[in-house]
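Trainee: Handing you a structure now.
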Amino acid sequence: MLDFNYNALSGRVIFGPGKLSQTRAEAEALGMTKVLVLSTPHQRDLAENVADLLGDLVTGIYDQAVMHVPVETIADVMDVVSQLEIDGCVSIGGGSTVGLAKAIALESGLPILAIPTTYAGSEMTPVWGMTKDGIKTTGRDPRVLPKTVIYDPELTVGLPDFISGPSGLNAIAHCVEALYSETQNPVTSLMAEEGIRALGESLPVIVKQPDNMEARAKALYGAWLSGTVLGAVGMAIHHKLCHTLGGSFNLPHAEVHTVVIPHATYFNRDHAPQAMSAIGRALNVEADEAAGALYDLAVSIGAPVSLKDIGMLEGDLEKAADIATTNPYYNPRAIERAGVRELLENAYRGTRPGSE
């Protein structure tokens with residue numbers, strides 16, 4: 001018997017090649033007149049391109065977005081927002097830039113127009129995160145959900161394979177956890193399975209044919225679905241671990257998700273059979289090979305598969321297990337330290353799930 005709640009998140013999505021050109025019109029539709037364009041230092045050129053499109057709506061560019069949204073960066077950008085009397089933000093980039101825009105919105109209520117250039121999916125969620133004193137905290141607030149998102153596959157063409165792969169697997173991780181979320185429902189499960197399928201089919205093409213626009217669009221479509229389900233339901237052990245490893249040990253965001261998701265999936269395999277079946281269907285494997293298929297996908301696109309290869313120190317595994325098992329998220333399998341420590345050990349060594 002079906003029994004569920006589903007809260008649809010409001011927001012406007014513009015999707016297609018060349019849609020970046022609609023930036024000014026969309027900003028005007030949101031009532032923006034004094035815009036702050038946000039980016040990372042590396043994507044300053046893109047921010048300047050967006051500023052040119054916005055014309056006299058732009059009041060400034062802030063290009064200091066960094067991973068995990070440190071509170072120091074938030075304080076700095078809020079000074080800029082106040083001094084320039086900003087009335088809206090346009091973020092161009094990946095999860096770091098969207099995360100900074102959300103921090104601004106959380107404190108000020110200003111609207112966000114998000115233009116993603118990776119497959120992170122955070123632009124579709126009301127989830128915010130920030131890091132203080134080495135601890136990353138997250139929360140949900142409807143104020144941080146971007147009002148409009150422009151998905152232009154042409155903006156992802158410049159992504160090298162070593163960024164495209166982990167970014168796409170980060171999106172897949174959102175879909176996987178949505179399938180066994182405490183608040184999953186038939187609608188989000190359909191989107192999650194389709195998101196895994198779209199990304200699983202497109203990522204291997206992208207790393208071999210970076211200019212394949214059809215594959216780029218398919219991956220961005222999968223990322224949109226992943227962000228949508230991430231925003232609609234709660235997450236579990238995988239995201240708790242990734243918030244711990246990223247916030248407390250400053251490991252790269254997308255790469256952490258890439259390494260951990262096969263092991264988190266294996267951790268839950270016996271407690272989420274419907275989710276394993278959906279992952280298997282999406283990746284064309286049997287349900288009992290769901291975790292292994294995620295690992296194999298990472299290997300096939302040259303993405304990292306071990307924590308030690310992305311900067312984790314073996315001596316920090318004990319601390320990570322302690323943090324991750326303190327105030328744990330809901331998870332279909334009960335969270336106990338020994339099991340989480342084993343998960344971390346396997347992720348650290350990069351062993352294929354099921355072969356330990």
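Lettering and numbering for the structure tokens are positional, with chains as A, B, ... in the shown order, residues counted from 1 in each chain, and ligands counted from 1 in the shown order.
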Sort by chain and increasing residue number a table of all residues of range 120-230 of chain A within 12 Å of range 29-36 of chain A, each with its closest pair of atoms and their distance in Å to one decimal, counting only C-alpha atoms, and write it as JSON lines.
Mentor:
{"residue": "A:Pro146", "atom": "CA", "partner": "A:Leu30", "partner_atom": "CA", "distance": 10.8}
{"residue": "A:Lys147", "atom": "CA", "partner": "A:Leu30", "partner_atom": "CA", "distance": 7.8}
{"residue": "A:Thr148", "atom": "CA", "partner": "A:Leu30", "partner_atom": "CA", "distance": 8.4}
{"residue": "A:Val149", "atom": "CA", "partner": "A:Leu30", "partner_atom": "CA", "distance": 11.8}
Trainee: Which neighbours of range 212-219 of chain A fall inside 6 Å, counting only C-alpha atoms, when residues of the same chain fewer than 5 positions from it are skipped, and could you give them as a ChimeraX atom specification?
Mentor: /A:153,198-199,202
Trainee: Range 170-178 of chain A: which residues within 6 Å, counting only C-alpha atoms, same-chain residues fewer than 3 positions away excluded, as a list in words?
Mentor: Ala120, Pro166, Ser167, Ser181, Ala192, Ile196, Ala223, Ser226, Leu230, Met235, Ala254, His257, Thr258 and Ile261 of chain A
Trainee: When DSSP works through the backbone of this structure, what residues of range 53-130 of chain A end up as strand (DSSP E or B), shown as a list in words?
Mentor: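 DSSP on the backbone gives strand (DSSP E or B) at Val58, Thr59, Gly60, Ile61, Tyr62, Pro70, Gly88, Cys89, Val90, Ser91, Ile92, Gly93, Ile112, Leu113, Ala114, Ile115, Pro116, Val127, Trp128, Gly129 and Met130 of chain A.
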Trainee: Write out the residues from the selection above, keeping N, CA and C atoms, as an mmCIF file, in the first residue's frame.
Mentor:
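After the write, result14.cif holds the following:
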data_model
loop_
_atom_site.group_PDB
_atom_site.id
_atom_site.type_symbol
_atom_site.label_atom_id
_atom_site.label_comp_id
_atom_site.auth_asym_id
_atom_site.auth_seq_id
_atom_site.Cartn_x
_atom_site.Cartn_y
_atom_site.Cartn_z
ATOM 1 N N VAL A 58 24.931 44.821 -13.091
ATOM 2 C CA VAL A 58 26.021 44.329 -12.241
ATOM 3 C C VAL A 58 26.604 45.456 -11.395
ATOM 4 N N THR A 59 26.768 45.158 -10.104
ATOM 5 C CA THR A 59 27.413 46.095 -9.196
ATOM 6 C C THR A 59 28.810 45.617 -8.814
ATOM 7 N N GLY A 60 29.040 44.303 -8.870
ATOM 8 C CA GLY A 60 30.356 43.799 -8.526
ATOM 9 C C GLY A 60 30.514 42.320 -8.829
ATOM 10 N N ILE A 61 31.773 41.863 -8.806
ATOM 11 C CA ILE A 61 32.122 40.450 -8.959
ATOM 12 C C ILE A 61 32.898 40.038 -7.712
ATOM 13 N N TYR A 62 32.497 38.911 -7.132
ATOM 14 C CA TYR A 62 33.226 38.349 -5.988
ATOM 15 C C TYR A 62 33.716 36.973 -6.411
ATOM 16 N N PRO A 70 33.833 28.160 3.975
ATOM 17 C CA PRO A 70 34.323 28.557 5.305
ATOM 18 C C PRO A 70 33.581 29.790 5.819
ATOM 19 N N GLY A 88 20.625 40.984 -5.305
ATOM 20 C CA GLY A 88 20.518 39.656 -5.890
ATOM 21 C C GLY A 88 21.872 39.112 -6.280
ATOM 22 N N CYS A 89 22.008 37.782 -6.297
ATOM 23 C CA CYS A 89 23.275 37.137 -6.642
ATOM 24 C C CYS A 89 23.098 36.238 -7.859
ATOM 25 N N VAL A 90 24.088 36.264 -8.738
ATOM 26 C CA VAL A 90 24.170 35.332 -9.856
ATOM 27 C C VAL A 90 25.432 34.506 -9.643
ATOM 28 N N SER A 91 25.272 33.202 -9.450
ATOM 29 C CA SER A 91 26.431 32.337 -9.241
ATOM 30 C C SER A 91 26.737 31.599 -10.529
ATOM 31 N N ILE A 92 28.013 31.580 -10.906
ATOM 32 C CA ILE A 92 28.461 30.847 -12.090
ATOM 33 C C ILE A 92 29.573 29.915 -11.651
ATOM 34 N N GLY A 93 29.333 28.592 -11.756
ATOM 35 C CA GLY A 93 30.343 27.634 -11.325
ATOM 36 C C GLY A 93 29.724 26.375 -10.762
ATOM 37 N N ILE A 112 18.689 34.131 -5.634
ATOM 38 C CA ILE A 112 19.829 33.567 -6.366
ATOM 39 C C ILE A 112 19.387 33.147 -7.764
ATOM 40 N N LEU A 113 20.182 33.513 -8.754
ATOM 41 C CA LEU A 113 20.089 32.947 -10.099
ATOM 42 C C LEU A 113 21.350 32.109 -10.263
ATOM 43 N N ALA A 114 21.204 30.810 -10.397
ATOM 44 C CA ALA A 114 22.362 29.904 -10.446
ATOM 45 C C ALA A 114 22.613 29.424 -11.873
ATOM 46 N N ILE A 115 23.894 29.419 -12.243
ATOM 47 C CA ILE A 115 24.301 28.927 -13.560
ATOM 48 C C ILE A 115 25.377 27.871 -13.327
ATOM 49 N N PRO A 116 25.000 26.587 -13.269
ATOM 50 C CA PRO A 116 25.981 25.532 -12.974
ATOM 51 C C PRO A 116 26.913 25.247 -14.147
ATOM 52 N N VAL A 127 19.401 22.946 0.557
ATOM 53 C CA VAL A 127 20.398 22.507 1.538
ATOM 54 C C VAL A 127 21.592 23.454 1.523
ATOM 55 N N TRP A 128 21.970 23.961 2.678
ATOM 56 C CA TRP A 128 23.148 24.798 2.798
ATOM 57 C C TRP A 128 24.198 24.085 3.654
ATOM 58 N N GLY A 129 25.436 24.513 3.503
ATOM 59 C CA GLY A 129 26.514 23.958 4.314
ATOM 60 C C GLY A 129 27.588 24.997 4.536
ATOM 61 N N MET A 130 28.225 24.939 5.686
ATOM 62 C CA MET A 130 29.346 25.840 5.964
ATOM 63 C C MET A 130 30.285 25.168 6.954
#
Trainee: Using only C-alpha atoms, pick whichever of A:His238, A:Arg337, A:Arg140, A:Arg197 has the shortest atom-to-atom distance to Tyr221 in chain A.
Mentor: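 Smallest distance to Tyr221 in chain A is found for A:Arg197.
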Trainee: Need the shell around Leu190 in chain A: protein/DNA/RNA residues with any atom at most 9 Å away, counting only C-alpha atoms. Skip same-chain ones fewer than 5 positions apart. Format as a list in words?
Mentor: Leu179, Asn185, Gly195 and Ala278 of chain A
Trainee: Rank nothing, just name the residue among A:Ser306, A:Gly280, A:Leu159, A:Leu241 nearest to Ile335 in chain A, using only C-alpha atoms.
Mentor: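 Looking only at the distances to Ile335 in chain A, the closest residue turns out to be A:Leu241.
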